[in-house]
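**Student:** First the structure, which I've put down as structure tokens, then a few questions once you've had a look.
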Amino acid sequence: MAEVDPGSKSDRMGMHTEQLSGRTQQVFFAPEDENYTSPDAFEVDFNKRADFDADTLVTQDINTKIRELMADGHGSIVVHNPGAKHSLGVGILNRLRLRFEGSLGYFGLGMIDGPNVVITGRVGWSCAENMMAGTVVVEKNAGSTFGAAIRGGDLICHGDVGSRTGIDMKGGTVIVGGQTGAFSGFMMQRGRMVVLGDAGANLGDSMYDGTIFVGGAIKSLGVDAVDAELTAFDIAWLERKLAVHGLQAPKGAANMTKIVAGKQLWNYDNLEPHEKKLVL
């Protein structure tokens, strides 16, 4: 047990000791493996291809079929007629070329780490939530909370998306080819968001860090979100990143608006009451 200062806030709250022992030191990645692959990843060959029709299958059967094909070494998989079913393609932890010929429902492709995915239709709420690495490309529109808590990789929607895009975003890149709804970038912590069209109200509300680029009009900025100078580095990065995904800013990357955190909320608890009112 670690001793805690008896005059500390934790002591006054009744937390007199802190348990430091008993936590495992389990190794999830082998440092000698330069690819840092997950221990649960399958050895797949991108040239080994498979496809199946998901029209009559339920979500569990579809995800099991994808996993069985990966276990058999298939590195390129096409799923026909996904039927907007929910929670498809979740928890894939290795490289894979996965294509859905159709639309996905809610929570598609959550917690993935490495696959390159294309959805030819639309996606529902919370697509690619907690995504760690890889790419996800949606060719049509997406619902709300697109890329919630994303941590890495590129998440792209060629069409419009709903509200709260990139909520609690912790890394990676979210690109919206059309417009995004209200409260996009809410509580954003890191990463980059690129919106080529218009952005709804309260953009970047309570964002802690990270960067948002908007090519169209911004209805309003949220609390502690401020304009920033667009640098030559920003422009070069935007042009390069958009080109990778076959996109371009309607008015050119150099004419996009850059939004960052004003950082007045970083020490909110230490502000005086009248100062808190000014921030909010």
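Residues are referred to by chain and number: the chain letter is A, B, ... according to the order shown in the structure tokens, the number counts from 1 in that chain, and ligands are numbered separately from 1 in the order shown.
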Excluding same-chain residues fewer than 6 positions from Val138 in chain A, what lies within 9 Å of it counting only C-alpha atoms, as a list of chain:residue names?
**Tutor:**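 The residues satisfying every condition are A:Val117, A:Val118, A:Ile119, A:Thr120, A:Gly121, A:Arg122, A:Val123, A:Leu155, A:Ile156, A:Cys157, A:His158, A:Gly159.
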**Student:** Would you export the selected residues with N, CA and C atoms as a PDB file, in the first residue's frame, please?
**Tutor:**
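Result file follows (selection37.pdb):
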ATOM      1  N   VAL A 117     -10.837  -1.022 -45.128  1.00  0.00           N
ATOM      2  CA  VAL A 117     -12.244  -1.362 -45.361  1.00  0.00           C
ATOM      3  C   VAL A 117     -12.892  -0.343 -46.297  1.00  0.00           C
ATOM      4  N   VAL A 118     -13.733  -0.839 -47.199  1.00  0.00           N
ATOM      5  CA  VAL A 118     -14.531   0.014 -48.071  1.00  0.00           C
ATOM      6  C   VAL A 118     -15.992  -0.404 -47.920  1.00  0.00           C
ATOM      7  N   ILE A 119     -16.878   0.591 -47.711  1.00  0.00           N
ATOM      8  CA  ILE A 119     -18.321   0.357 -47.666  1.00  0.00           C
ATOM      9  C   ILE A 119     -18.928   1.117 -48.835  1.00  0.00           C
ATOM     10  N   THR A 120     -19.549   0.409 -49.754  1.00  0.00           N
ATOM     11  CA  THR A 120     -20.062   1.074 -50.953  1.00  0.00           C
ATOM     12  C   THR A 120     -21.369   1.824 -50.704  1.00  0.00           C
ATOM     13  N   GLY A 121     -22.023   1.556 -49.579  1.00  0.00           N
ATOM     14  CA  GLY A 121     -23.270   2.227 -49.264  1.00  0.00           C
ATOM     15  C   GLY A 121     -23.135   3.232 -48.151  1.00  0.00           C
ATOM     16  N   ARG A 122     -24.102   3.236 -47.234  1.00  0.00           N
ATOM     17  CA  ARG A 122     -24.129   4.155 -46.103  1.00  0.00           C
ATOM     18  C   ARG A 122     -23.760   3.406 -44.819  1.00  0.00           C
ATOM     19  N   VAL A 123     -23.530   4.174 -43.742  1.00  0.00           N
ATOM     20  CA  VAL A 123     -23.314   3.574 -42.422  1.00  0.00           C
ATOM     21  C   VAL A 123     -24.168   4.316 -41.397  1.00  0.00           C
ATOM     22  N   LEU A 155     -10.331   7.647 -41.307  1.00  0.00           N
ATOM     23  CA  LEU A 155     -11.751   7.353 -41.443  1.00  0.00           C
ATOM     24  C   LEU A 155     -12.345   8.382 -42.392  1.00  0.00           C
ATOM     25  N   ILE A 156     -12.875   7.920 -43.523  1.00  0.00           N
ATOM     26  CA  ILE A 156     -13.315   8.832 -44.578  1.00  0.00           C
ATOM     27  C   ILE A 156     -14.756   8.564 -44.966  1.00  0.00           C
ATOM     28  N   CYS A 157     -15.546   9.619 -45.059  1.00  0.00           N
ATOM     29  CA  CYS A 157     -16.896   9.533 -45.616  1.00  0.00           C
ATOM     30  C   CYS A 157     -16.966  10.497 -46.790  1.00  0.00           C
ATOM     31  N   HIS A 158     -17.290   9.995 -47.960  1.00  0.00           N
ATOM     32  CA  HIS A 158     -17.341  10.855 -49.142  1.00  0.00           C
ATOM     33  C   HIS A 158     -18.586  11.733 -49.167  1.00  0.00           C
ATOM     34  N   GLY A 159     -19.598  11.373 -48.396  1.00  0.00           N
ATOM     35  CA  GLY A 159     -20.827  12.153 -48.372  1.00  0.00           C
ATOM     36  C   GLY A 159     -20.957  13.003 -47.132  1.00  0.00           C
TER      37      GLY A 159
END
**Student:** If you measure from CA of Ile167 in chain A to CA of Met188 in chain A, what distance in Å do you get, rounded to one decimal?
**Tutor:**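 These atoms are spaced 6.1 Å apart.
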**Student:** For Met131 in chain A, please output as a list in words all residues within 6 Å (counting only C-alpha atoms; exclusion window: fewer than 2 positions along the same chain).
**Tutor:**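 What passes the distance filter is Met111, Ile112, Ala128, Glu129, Ile150 and Arg151 of chain A.
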**Student:** Given the selection you just returned, output its residues as a file containing N, CA and C atoms, formatted as a compact mmCIF listing (two decimals), in the first residue's frame.
**Tutor:**
# COMPACT_ATOMS: atom_id res chain seq x y z
N MET A 111 -13.69 -0.82 -32.88
CA MET A 111 -12.50 -1.40 -32.25
C MET A 111 -11.62 -2.19 -33.22
N ILE A 112 -11.47 -1.69 -34.43
CA ILE A 112 -10.60 -2.36 -35.40
C ILE A 112 -9.18 -1.84 -35.28
N ALA A 128 -16.90 2.91 -36.83
CA ALA A 128 -15.48 2.90 -36.50
C ALA A 128 -15.18 3.49 -35.12
N GLU A 129 -16.08 3.30 -34.19
CA GLU A 129 -15.84 3.76 -32.82
C GLU A 129 -14.60 3.06 -32.26
N ILE A 150 -12.12 7.75 -31.84
CA ILE A 150 -11.11 7.17 -32.72
C ILE A 150 -9.72 7.49 -32.19
N ARG A 151 -8.79 6.54 -32.32
CA ARG A 151 -7.44 6.70 -31.79
C ARG A 151 -6.36 6.69 -32.85
**Student:** Would you please give, as a list in words, all residues of range 39-233 of chain A that DSSP assigns to helix (DSSP H, G or I) based on the backbone?
**Tutor:**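 These are the residues in question: Thr59, Gln60, Asp61, Ile62, Asn63, Thr64, Lys65, Ile66, Arg67, Glu68, Leu69, Met70, Ala71, Ala232 and Phe233 of chain A.
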